[in-house]
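Enquirer: The structure file start-v4.txt (compact mmCIF, C-alpha atoms) is provided below.
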# COMPACT_ATOMS: atom_id res chain seq x y z
CA MET Q 1 -50.25 5.47 -29.78
CA ASP Q 2 -50.89 8.50 -32.01
CA ARG Q 3 -49.94 12.01 -30.93
CA ARG Q 4 -53.46 13.00 -29.91
CA SER Q 5 -53.54 10.05 -27.54
CA VAL Q 6 -50.17 11.11 -26.13
CA ILE Q 7 -51.48 14.62 -25.48
CA LYS Q 8 -54.74 13.34 -24.04
CA ASN Q 9 -52.92 11.13 -21.53
CA ALA Q 10 -50.08 13.52 -20.68
CA GLY Q 11 -51.56 14.36 -17.29
CA ILE Q 12 -51.18 18.13 -17.69
CA ALA Q 13 -54.27 20.10 -16.76
CA GLY Q 14 -53.80 22.70 -19.46
CA VAL Q 15 -53.31 20.09 -22.17
CA LEU Q 16 -56.41 18.21 -21.15
CA ALA Q 17 -58.37 21.45 -21.06
CA ALA Q 18 -57.29 22.26 -24.60
CA GLY Q 19 -58.82 19.03 -25.89
CA ALA Q 20 -58.01 17.10 -29.05
CA ALA Q 21 -57.86 19.19 -32.19
CA PRO Q 22 -59.56 18.12 -35.43
CA VAL Q 23 -57.44 15.85 -37.59
CA VAL Q 24 -57.19 18.57 -40.23
CA HIS Q 25 -54.80 20.54 -38.00
CA ALA Q 26 -52.33 17.68 -37.84
CA GLN Q 27 -52.48 17.28 -41.60
CA GLY Q 28 -51.95 20.94 -42.42
CA ALA Q 29 -48.88 22.67 -43.77
CA THR Q 30 -45.59 22.22 -41.96
CA ILE Q 31 -44.79 24.95 -39.44
CA ARG Q 32 -41.20 26.05 -38.95
CA TRP Q 33 -40.30 28.29 -36.03
CA ARG Q 34 -37.07 29.59 -34.55
CA LEU Q 35 -36.16 29.59 -30.85
CA ALA Q 36 -33.45 31.92 -29.53
CA SER Q 37 -31.70 30.66 -26.40
CA SER Q 38 -29.83 32.78 -23.87
CA PHE Q 39 -27.31 29.97 -23.32
CA PRO Q 40 -24.24 28.56 -25.08
CA LYS Q 41 -24.32 25.13 -26.70
CA ALA Q 42 -21.57 23.93 -24.37
CA LEU Q 43 -24.11 23.76 -21.56
CA ASP Q 44 -25.99 20.62 -22.51
CA THR Q 45 -28.26 20.92 -19.47
CA ILE Q 46 -29.62 24.46 -19.82
CA TYR Q 47 -29.22 24.97 -23.56
CA GLY Q 48 -30.18 21.33 -24.00
CA ALA Q 49 -33.61 21.90 -22.45
CA ALA Q 50 -34.60 23.88 -25.55
CA GLU Q 51 -33.39 21.07 -27.80
CA THR Q 52 -35.33 18.55 -25.73
CA PHE Q 53 -38.42 20.72 -26.12
CA ALA Q 54 -37.99 21.12 -29.88
CA LYS Q 55 -37.47 17.39 -30.34
CA LYS Q 56 -40.62 16.57 -28.38
CA VAL Q 57 -42.66 19.08 -30.38
CA GLY Q 58 -41.50 17.38 -33.56
CA GLU Q 59 -42.38 13.93 -32.24
CA LEU Q 60 -45.83 14.93 -31.02
CA SER Q 61 -46.67 16.69 -34.26
CA GLY Q 62 -45.48 13.87 -36.49
CA GLY Q 63 -42.72 16.11 -37.83
CA LYS Q 64 -45.10 18.83 -39.01
CA PHE Q 65 -44.14 21.38 -36.36
CA THR Q 66 -40.37 21.94 -36.41
CA ILE Q 67 -38.40 24.33 -34.22
CA SER Q 68 -34.76 25.24 -34.83
CA VAL Q 69 -32.83 26.12 -31.67
CA HIS Q 70 -30.18 28.85 -31.76
CA ALA Q 71 -27.59 29.46 -29.03
CA GLY Q 72 -27.09 32.80 -27.35
CA GLY Q 73 -25.41 35.24 -29.73
CA GLU Q 74 -26.30 33.28 -32.86
CA LEU Q 75 -29.43 35.23 -33.82
CA MET Q 76 -29.22 37.93 -31.15
CA PRO Q 77 -27.36 38.64 -27.91
CA ALA Q 78 -28.24 36.36 -24.99
CA VAL Q 79 -29.98 39.16 -23.11
CA ALA Q 80 -31.96 40.35 -26.14
CA VAL Q 81 -34.26 37.33 -26.40
CA LEU Q 82 -37.05 38.99 -24.43
CA ASP Q 83 -37.33 41.79 -26.98
CA GLY Q 84 -36.75 39.36 -29.85
CA SER Q 85 -39.68 37.15 -28.89
CA SER Q 86 -41.85 40.11 -27.91
CA ASN Q 87 -41.50 41.93 -31.24
CA GLY Q 88 -41.69 38.78 -33.36
CA THR Q 89 -38.09 38.68 -34.60
CA VAL Q 90 -38.27 35.05 -33.45
CA GLU Q 91 -41.32 33.07 -32.47
CA MET Q 92 -39.78 31.66 -29.31
CA ALA Q 93 -37.05 32.16 -26.71
CA HIS Q 94 -35.65 30.15 -23.81
CA THR Q 95 -34.14 32.14 -21.00
CA ALA Q 96 -33.79 32.95 -17.31
CA PRO Q 97 -36.37 35.72 -16.75
CA TYR Q 98 -34.35 37.40 -14.01
CA TYR Q 99 -31.91 38.53 -16.70
CA PHE Q 100 -34.46 41.26 -17.39
CA PHE Q 101 -34.89 42.62 -13.88
CA GLY Q 102 -33.35 45.88 -15.15
CA LYS Q 103 -36.47 46.40 -17.27
CA ASP Q 104 -38.73 45.52 -14.35
CA PRO Q 105 -37.81 43.58 -11.17
CA THR Q 106 -41.09 41.69 -11.58
CA TYR Q 107 -39.47 39.47 -14.22
CA ALA Q 108 -37.36 37.89 -11.48
CA LEU Q 109 -40.47 36.38 -9.88
CA ASP Q 110 -40.72 34.09 -12.92
CA CYS Q 111 -37.26 32.72 -12.13
CA ALA Q 112 -35.72 33.22 -8.68
CA ILE Q 113 -35.34 35.84 -6.00
CA PRO Q 114 -33.09 35.68 -2.92
CA PHE Q 115 -34.55 33.42 -0.24
CA GLY Q 116 -37.43 32.51 -2.52
CA LEU Q 117 -39.16 29.27 -3.46
CA ASN Q 118 -37.29 26.02 -4.01
CA SER Q 119 -37.83 24.15 -7.27
CA ARG Q 120 -40.75 22.00 -6.11
CA GLN Q 121 -42.45 24.97 -4.52
CA MET Q 122 -41.94 27.05 -7.65
CA THR Q 123 -43.54 24.40 -9.84
CA ALA Q 124 -46.46 24.09 -7.41
CA TRP Q 125 -47.03 27.85 -7.35
CA MET Q 126 -46.93 28.03 -11.14
CA TYR Q 127 -49.14 25.06 -11.99
CA GLN Q 128 -51.45 24.77 -8.98
CA GLY Q 129 -51.25 28.21 -7.40
CA ASN Q 130 -51.72 31.65 -8.93
CA GLY Q 131 -48.25 31.93 -10.43
CA MET Q 132 -49.10 31.13 -14.02
CA LYS Q 133 -52.20 33.30 -14.05
CA LEU Q 134 -50.45 36.33 -12.56
CA LEU Q 135 -47.38 36.04 -14.77
CA ARG Q 136 -49.47 35.53 -17.91
CA GLU Q 137 -51.15 38.85 -17.14
CA PHE Q 138 -47.75 40.49 -16.69
CA TYR Q 139 -46.26 39.04 -19.89
CA GLY Q 140 -49.40 39.86 -21.84
CA LYS Q 141 -48.37 43.51 -21.69
CA VAL Q 142 -45.30 42.75 -23.83
CA GLY Q 143 -46.96 40.26 -26.18
CA ILE Q 144 -45.53 37.04 -24.73
CA VAL Q 145 -47.10 33.78 -23.59
CA ASN Q 146 -44.83 32.12 -21.00
CA PHE Q 147 -44.35 28.49 -19.99
CA PRO Q 148 -42.13 27.05 -17.23
CA MET Q 149 -39.33 25.16 -18.96
CA GLY Q 150 -36.60 23.93 -16.67
CA ASN Q 151 -35.21 24.33 -13.19
CA THR Q 152 -31.71 23.71 -11.89
CA GLY Q 153 -32.74 23.09 -8.29
CA ALA Q 154 -30.91 24.98 -5.53
CA GLN Q 155 -27.65 26.33 -6.86
CA MET Q 156 -24.19 26.72 -5.40
CA GLY Q 157 -23.01 30.07 -4.05
CA GLY Q 158 -20.16 30.56 -6.47
CA TRP Q 159 -16.37 30.62 -6.84
CA TYR Q 160 -14.12 33.02 -4.93
CA ARG Q 161 -10.44 33.85 -5.06
CA LYS Q 162 -10.44 34.48 -1.32
CA GLU Q 163 -12.45 33.08 1.57
CA ILE Q 164 -15.65 34.79 2.74
CA LYS Q 165 -15.49 34.72 6.53
CA SER Q 166 -17.75 37.68 7.31
CA VAL Q 167 -19.99 40.30 5.73
CA ALA Q 168 -16.96 42.60 5.64
CA ASP Q 169 -15.33 40.30 3.08
CA LEU Q 170 -18.11 41.08 0.63
CA LYS Q 171 -17.38 44.79 0.54
CA GLY Q 172 -15.85 45.87 -2.75
CA LEU Q 173 -16.03 42.32 -4.13
CA LYS Q 174 -16.58 42.35 -7.89
CA PHE Q 175 -18.97 39.44 -8.20
CA ARG Q 176 -20.59 38.03 -11.33
CA VAL Q 177 -24.10 37.21 -10.18
CA GLY Q 178 -27.13 36.67 -12.38
CA GLY Q 179 -30.40 38.43 -11.92
CA PHE Q 180 -31.96 39.84 -8.83
CA GLY Q 181 -29.34 38.65 -6.33
CA GLY Q 182 -27.14 41.58 -7.28
CA LYS Q 183 -29.63 44.10 -5.89
CA VAL Q 184 -29.40 42.47 -2.47
CA LEU Q 185 -25.62 41.97 -2.59
CA GLU Q 186 -25.17 45.66 -3.39
CA ARG Q 187 -26.53 46.44 0.07
CA LEU Q 188 -23.79 44.33 1.57
CA GLY Q 189 -21.11 46.28 -0.30
CA THR Q 190 -20.64 43.89 -3.22
CA VAL Q 191 -20.22 45.22 -6.76
CA PRO Q 192 -22.43 42.93 -8.92
CA GLN Q 193 -21.48 42.18 -12.52
CA ASN Q 194 -24.09 40.82 -14.95
CA ILE Q 195 -21.96 38.76 -17.38
CA PRO Q 196 -23.36 36.06 -19.75
CA GLY Q 197 -22.36 32.47 -18.98
CA GLY Q 198 -20.02 32.15 -21.94
CA GLU Q 199 -17.90 35.11 -20.78
CA ILE Q 200 -17.48 34.31 -17.07
CA TYR Q 201 -14.30 32.21 -17.25
CA GLN Q 202 -12.24 34.84 -19.02
CA ALA Q 203 -13.39 37.58 -16.66
CA LEU Q 204 -12.50 35.47 -13.61
CA GLU Q 205 -9.19 34.38 -15.12
CA LYS Q 206 -8.12 37.93 -16.00
CA GLY Q 207 -9.16 39.30 -12.62
CA THR Q 208 -11.84 41.53 -14.10
CA ILE Q 209 -14.02 40.03 -11.38
CA ASP Q 210 -13.14 38.57 -7.97
CA ALA Q 211 -15.82 35.91 -7.82
CA ALA Q 212 -18.50 34.34 -9.95
CA GLU Q 213 -21.53 32.10 -9.67
CA TRP Q 214 -23.17 30.11 -12.41
CA VAL Q 215 -25.23 27.05 -11.53
CA GLY Q 216 -23.67 24.07 -9.78
CA PRO Q 217 -21.01 21.35 -9.99
CA TYR Q 218 -21.85 19.85 -13.39
CA ASP Q 219 -21.91 23.09 -15.37
CA ASP Q 220 -19.22 24.76 -13.26
CA LEU Q 221 -16.83 21.87 -13.87
CA LYS Q 222 -17.46 22.05 -17.62
CA LEU Q 223 -16.73 25.77 -17.59
CA GLY Q 224 -13.54 25.23 -15.59
CA PHE Q 225 -14.12 27.77 -12.83
CA ASN Q 226 -12.17 25.62 -10.35
CA LYS Q 227 -9.02 26.37 -12.35
CA VAL Q 228 -9.17 30.09 -11.61
CA ALA Q 229 -10.82 30.29 -8.17
CA PRO Q 230 -10.29 27.71 -5.39
CA HIS Q 231 -13.11 28.47 -2.93
CA TYR Q 232 -16.59 27.11 -3.67
CA TYR Q 233 -19.43 28.32 -1.43
CA TYR Q 234 -22.93 27.07 -0.75
CA PRO Q 235 -25.86 27.50 -0.87
CA GLY Q 236 -26.74 29.97 -3.60
CA TRP Q 237 -29.29 31.73 -1.40
CA TRP Q 238 -30.30 33.99 -4.29
CA GLU Q 239 -31.30 30.94 -6.37
CA GLY Q 240 -33.06 28.34 -4.26
CA GLY Q 241 -35.09 27.08 -7.21
CA PRO Q 242 -34.47 29.11 -10.38
CA GLN Q 243 -36.97 28.41 -13.10
CA LEU Q 244 -36.22 28.83 -16.79
CA SER Q 245 -38.98 29.99 -19.10
CA LEU Q 246 -40.14 29.47 -22.64
CA TYR Q 247 -41.33 32.69 -24.24
CA VAL Q 248 -43.73 32.44 -27.17
CA ASN Q 249 -44.68 35.45 -29.27
CA GLN Q 250 -48.34 36.02 -28.49
CA LYS Q 251 -49.51 36.66 -32.06
CA ALA Q 252 -47.68 33.58 -33.33
CA TYR Q 253 -49.15 31.48 -30.53
CA GLU Q 254 -52.69 32.70 -31.17
CA GLY Q 255 -52.29 31.67 -34.79
CA LEU Q 256 -51.74 28.03 -33.86
CA SER Q 257 -54.37 25.31 -33.79
CA ALA Q 258 -55.57 24.05 -30.41
CA GLU Q 259 -53.57 20.87 -31.03
CA TYR Q 260 -50.30 22.69 -31.63
CA LYS Q 261 -50.88 24.88 -28.57
CA ALA Q 262 -51.36 21.73 -26.51
CA ILE Q 263 -48.19 20.24 -28.00
CA ILE Q 264 -46.18 23.30 -26.92
CA GLU Q 265 -47.55 23.05 -23.39
CA CYS Q 266 -46.91 19.32 -23.19
CA ALA Q 267 -43.38 19.52 -24.60
CA ALA Q 268 -42.45 22.44 -22.33
CA ALA Q 269 -43.64 20.52 -19.26
CA TYR Q 270 -41.60 17.50 -20.37
CA ALA Q 271 -38.46 19.62 -20.80
CA HIS Q 272 -39.15 21.29 -17.46
CA THR Q 273 -38.98 17.98 -15.61
CA ASP Q 274 -36.17 16.55 -17.73
CA MET Q 275 -33.82 19.46 -17.06
CA GLN Q 276 -33.81 19.14 -13.28
CA ALA Q 277 -33.60 15.36 -13.49
CA LYS Q 278 -30.36 15.76 -15.44
CA TYR Q 279 -28.90 18.11 -12.85
CA ASP Q 280 -29.88 15.85 -9.95
CA MET Q 281 -28.22 12.93 -11.71
CA LYS Q 282 -25.04 14.71 -12.84
CA ASN Q 283 -24.21 17.09 -9.99
CA PRO Q 284 -23.14 14.50 -7.36
CA GLY Q 285 -20.36 13.00 -9.50
CA ALA Q 286 -19.22 16.41 -10.68
CA LEU Q 287 -18.91 17.66 -7.10
CA LYS Q 288 -16.72 14.66 -6.22
CA THR Q 289 -14.51 15.44 -9.21
CA LEU Q 290 -14.15 19.09 -8.21
CA VAL Q 291 -13.13 18.17 -4.66
CA SER Q 292 -10.64 15.59 -5.95
CA GLN Q 293 -9.06 18.36 -8.04
CA GLY Q 294 -8.52 20.58 -5.02
CA THR Q 295 -11.71 22.61 -4.75
CA LYS Q 296 -12.33 23.87 -1.22
CA LEU Q 297 -15.98 23.69 -0.15
CA HIS Q 298 -17.34 26.20 2.34
CA PRO Q 299 -20.81 26.94 3.72
CA PHE Q 300 -21.65 30.63 3.88
CA PRO Q 301 -21.25 31.79 7.49
CA THR Q 302 -24.59 32.23 9.25
CA PRO Q 303 -24.01 35.98 9.84
CA VAL Q 304 -23.62 36.42 6.07
CA LEU Q 305 -26.89 34.60 5.38
CA THR Q 306 -28.68 36.56 8.10
CA ALA Q 307 -27.47 39.90 6.76
CA ALA Q 308 -28.43 38.95 3.22
CA PHE Q 309 -31.89 37.82 4.32
CA LYS Q 310 -32.49 41.12 6.10
CA ALA Q 311 -31.32 43.09 3.06
CA ALA Q 312 -33.60 41.06 0.78
CA GLN Q 313 -36.66 41.83 2.88
CA GLU Q 314 -35.81 45.54 2.75
CA VAL Q 315 -35.58 45.43 -1.03
CA TYR Q 316 -38.91 43.60 -1.34
CA ALA Q 317 -40.67 46.08 0.94
CA GLU Q 318 -39.37 49.01 -1.09
CA LEU Q 319 -40.43 47.42 -4.38
CA SER Q 320 -43.88 46.64 -3.03
CA ALA Q 321 -44.26 50.31 -2.15
CA SER Q 322 -43.14 51.58 -5.55
CA ASN Q 323 -43.97 48.93 -8.19
CA PRO Q 324 -47.64 47.84 -8.51
CA ALA Q 325 -46.83 44.88 -10.77
CA TRP Q 326 -44.24 43.58 -8.31
CA LYS Q 327 -46.56 44.08 -5.34
CA LYS Q 328 -49.44 42.18 -6.96
CA ILE Q 329 -47.39 39.11 -7.84
CA TYR Q 330 -44.96 39.13 -4.91
CA SER Q 331 -47.80 39.29 -2.38
CA ASP Q 332 -49.19 36.02 -3.69
CA TYR Q 333 -45.71 34.50 -4.06
CA ALA Q 334 -44.73 35.40 -0.49
CA SER Q 335 -48.00 34.10 0.93
CA TYR Q 336 -47.48 30.72 -0.71
CA ARG Q 337 -43.81 30.67 0.34
CA GLY Q 338 -44.84 30.92 3.99
CA GLU Q 339 -47.34 28.09 3.71
CA ALA Q 340 -45.00 25.88 1.70
CA ASN Q 341 -42.08 26.26 4.08
CA LEU Q 342 -44.29 25.46 7.05
CA TRP Q 343 -45.26 22.20 5.34
CA PHE Q 344 -41.74 21.32 4.17
CA ARG Q 345 -40.46 21.91 7.69
CA PHE Q 346 -42.41 18.90 8.93
CA THR Q 347 -41.76 16.60 5.98
CA GLU Q 348 -39.07 17.20 3.39
CA ALA Q 349 -36.62 19.09 5.61
CA ARG Q 350 -36.75 16.62 8.50
CA PHE Q 351 -36.54 13.59 6.21
CA ASP Q 352 -33.63 15.05 4.23
CA SER Q 353 -31.79 16.09 7.38
CA PHE Q 354 -32.02 12.60 8.84
CA MET Q 355 -31.03 10.82 5.63
CA GLN Q 356 -28.06 13.09 5.07
CA SER Q 357 -26.73 12.28 8.53
CA GLN Q 358 -26.71 8.54 7.83
CA LYS Q 359 -23.91 6.45 6.40
CA LEU Q 360 -25.25 5.31 3.02
As structure tokens - that is how I would like this structure written.
Expert:
Amino acid sequence: MDRRSVIKNAGIAGVLAAGAAPVVHAQGATIRWRLASSFPKALDTIYGAAETFAKKVGELSGGKFTISVHAGGELMPAVAVLDGSSNGTVEMAHTAPYYFFGKDPTYALDCAIPFGLNSRQMTAWMYQGNGMKLLREFYGKVGIVNFPMGNTGAQMGGWYRKEIKSVADLKGLKFRVGGFGGKVLERLGTVPQNIPGGEIYQALEKGTIDAAEWVGPYDDLKLGFNKVAPHYYYPGWWEGGPQLSLYVNQKAYEGLSAEYKAIIECAAAYAHTDMQAKYDMKNPGALKTLVSQGTKLHPFPTPVLTAAFKAAQEVYAELSASNPAWKKIYSDYASYRGEANLWFRFTEARFDSFMQSQKL
């Protein structure tokens, strides 16, 4: 099957809409782009999603469209990839959009917000709801074309030196937390620290921070957090379905043929699915290993979750009153969240609850 047939049968609405490009595009000069990642190479799941994407682009283009992937800090700092892809320093970036909530909280809606959508709901909102349309409008202002490219699924709530038994235990806690969750935790007395993944272990080990969250068992085990903090909490209520994004410089993207645009869309969708599949396969065994090594698992107390939920709603109401971009996108996001959770309540949640109570 040639690459145009692959694209034609990929089952992605946007790819089908793009149509098959004339053969001359596939036979043109080789294109070489660079992709700046926000993640270290040691994380084969998150960083690896960009490599999976680049490999698929090469395969679908018959080797004529090549993308080199560069880890965070190699071409630019991990948190500089938004500006790097926006101004054309690199053609592409792979990142967690909530890293840039300091520029505008609206970026977090392209990734995860506390008590937001789970991974399936996020994908549905992006591809079948208004998510992609609204976020494309938002990113257009900074010269970026965005594509969903990866999701971890619901994350764990992090590693703590001491137990969290009440909201009072959060006060004064120096907590490494990515993205928007820090704004909510601040209201509970926590002191959020935005530290890149590659620097978390040292900060936790030295006591620069009291607690840290990253993703879940597989990545956390690789990074060794269980060696410096014994208490592992769940769920990561600030990241119920965090989506990673591919950023493409708008001018560079517009210069591509229709076929190469379709290849980017197809490859990003493939990497999007592949990344969560890896986590769902690797997390169970990693969690068993962590427990066997002495990790103490704890659910967050219900009063803590309730207080955090209330604080999150306060933050969202304030942003909706002060930030037009946030209000426009969050209104649609929140509306779909209500409908989706009503549906999941009768299907997914009940099925999962029953299955998880059985001896398998």
Enquirer: Extract, using all atoms listed in the file, all DNA, RNA and protein residues at most 10 Å from region 100-102 of chain Q, discarding same-chain residues fewer than 2 positions from it, and format them as a VMD selection string.
Expert: chain Q and resid 79 to 82 95 to 98 104 to 109 178 to 180 183
Enquirer: Can you pull out every residue within 8 Å of Pro230 (chain Q), counting only C-alpha atoms, but drop anything in the same chain fewer than 3 positions away, and send it as a PyMOL selection string?
Expert: chain Q and resi 159-162+226-227+294-296
Enquirer: Take the selection from the previous step and output its residues with C-alpha atoms, as an mmCIF file, in the coordinates of the input.
Expert:
data_model
loop_
_atom_site.group_PDB
_atom_site.id
_atom_site.type_symbol
_atom_site.label_atom_id
_atom_site.label_comp_id
_atom_site.auth_asym_id
_atom_site.auth_seq_id
_atom_site.Cartn_x
_atom_site.Cartn_y
_atom_site.Cartn_z
ATOM 1 C CA TRP Q 159 -16.370 30.620 -6.840
ATOM 2 C CA TYR Q 160 -14.120 33.020 -4.930
ATOM 3 C CA ARG Q 161 -10.440 33.850 -5.060
ATOM 4 C CA LYS Q 162 -10.440 34.480 -1.320
ATOM 5 C CA ASN Q 226 -12.170 25.620 -10.350
ATOM 6 C CA LYS Q 227 -9.020 26.370 -12.350
ATOM 7 C CA GLY Q 294 -8.520 20.580 -5.020
ATOM 8 C CA THR Q 295 -11.710 22.610 -4.750
ATOM 9 C CA LYS Q 296 -12.330 23.870 -1.220
#
Enquirer: For each of Q:Phe351, Q:Leu287, Q:Ile263, Q:Gly181, take the minimum atom-to-atom distance to Gly62 (chain Q), counting all atoms listed in the file, then give the residue where this is smallest.
Expert: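 The answer is Q:Ile263, which sits nearest to Gly62 (chain Q).
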Enquirer: Which residue out of Q:Ala36, Q:Ile144, Q:Ile209, Q:Lys328 has the minimum interatomic distance to Thr190 (chain Q) when all atoms listed in the file are used?
Expert: Q:Ile209
Enquirer: Starting from 3 Å padding per side, set up an axis-aligned box that covers all listed atoms of region 126-137 of chain Q and hand over centre and edge lengths in Å, one decimal, as AutoDock Vina command-line options.
Expert:
--center_x -49.6 --center_y 31.8 --center_z -12.7 --size_x 11.3 --size_y 20.1 --size_z 16.5
Enquirer: Please report the interatomic distance between CA of Ala112 (chain Q) and CA of Ala54 (chain Q) in Å with one decimal.
Expert: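 Value for the CA of Ala112 (chain Q)-CA of Ala54 (chain Q) distance: 24.5 Å.
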Enquirer: Taking only C-alpha atoms into account, which of Q:Asn151, Q:Asn283, Q:Thr273, Q:Ser37 comes nearest Tyr218 (chain Q)?
Expert: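 Of the candidates, the smallest distance to Tyr218 (chain Q) is held by Q:Asn283.
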Enquirer: Just the number, please: distance in Å from CA of Val167 (chain Q) to CA of Val304 (chain Q), one decimal.
Expert: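 So the two atoms, CA of Val167 (chain Q) and CA of Val304 (chain Q), lie 5.3 Å apart.
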Enquirer: List the neighbours of Gly197 (chain Q) out to 9 Å using all atoms listed in the file; skip same-chain residues closer than 5 positions along the sequence, and give me the result as a short mmCIF file (atom, residue, chain, number, x, y, z; two decimals) with C-alpha atoms, in the coordinates of the input.
Expert:
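Result went into selection37.cif, see below:
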data_model
loop_
_atom_site.label_atom_id
_atom_site.label_comp_id
_atom_site.auth_asym_id
_atom_site.auth_seq_id
_atom_site.Cartn_x
_atom_site.Cartn_y
_atom_site.Cartn_z
CA SER Q 38 -29.83 32.78 -23.87
CA PHE Q 39 -27.31 29.97 -23.32
CA PRO Q 40 -24.24 28.56 -25.08
CA TRP Q 214 -23.17 30.11 -12.41
CA LEU Q 223 -16.73 25.77 -17.59
#
Enquirer: Using all atoms listed in the file, which residue out of Q:Val69, Q:Leu297, Q:Ile46, Q:Leu221 lies closest to Ser245 (chain Q)?
Expert: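 Closest residue, counting all atoms listed in the file: Q:Ile46.
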Enquirer: When distances are computed from all atoms listed in the file, which of Q:Phe300, Q:Tyr47, Q:Trp238, Q:Tyr127 shows the smallest separation from Ser166 (chain Q)?
Expert: Q:Phe300
Enquirer: Record the distance separating CA of Thr289 (chain Q) and CA of Leu43 (chain Q), expressed in Å with one decimal.
Expert: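 About the pair CA of Thr289 (chain Q) and CA of Leu43 (chain Q): they are 17.7 Å apart.
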Enquirer: Here is a test: counting all atoms listed in the file, which residue of Q:Thr152, Q:Gln193, Q:Ser335, Q:Ser257 is nearest to Asp219 (chain Q)?
Expert: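 Nearest candidate to Asp219 (chain Q) out of Q:Thr152, Q:Gln193, Q:Ser335, Q:Ser257: Q:Thr152.
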Enquirer: So which residues fall inside 12 Å of (-14.8, 38.1, -16.4) if we count all atoms listed in the file? Mind giving them as a list in words?
Expert: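 Result, sorted by chain then residue number: Lys174, Phe175, Arg176, Val177, Pro192, Gln193, Asn194, Ile195, Pro196, Gly197, Gly198, Glu199, Ile200, Tyr201, Gln202, Ala203, Leu204, Glu205, Lys206, Gly207, Thr208, Ile209, Asp210, Ala211, Ala212, Glu213, Phe225 and Val228 of chain Q.
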Enquirer: So which residues fall inside 9 Å of (-41.7, 34.8, -1.6) if we count all atoms listed in the file? Mind giving them as a tab-separated table (two decimals) with C-alpha atoms, in the coordinates of the input?
Expert:
chain	number	residue	atom	x	y	z
Q	109	LEU	CA	-40.47	36.38	-9.88
Q	113	ILE	CA	-35.34	35.84	-6.00
Q	114	PRO	CA	-33.09	35.68	-2.92
Q	115	PHE	CA	-34.55	33.42	-0.24
Q	116	GLY	CA	-37.43	32.51	-2.52
Q	117	LEU	CA	-39.16	29.27	-3.46
Q	330	TYR	CA	-44.96	39.13	-4.91
Q	331	SER	CA	-47.80	39.29	-2.38
Q	332	ASP	CA	-49.19	36.02	-3.69
Q	333	TYR	CA	-45.71	34.50	-4.06
Q	334	ALA	CA	-44.73	35.40	-0.49
Q	335	SER	CA	-48.00	34.10	0.93
Q	336	TYR	CA	-47.48	30.72	-0.71
Q	337	ARG	CA	-43.81	30.67	0.34
Q	338	GLY	CA	-44.84	30.92	3.99
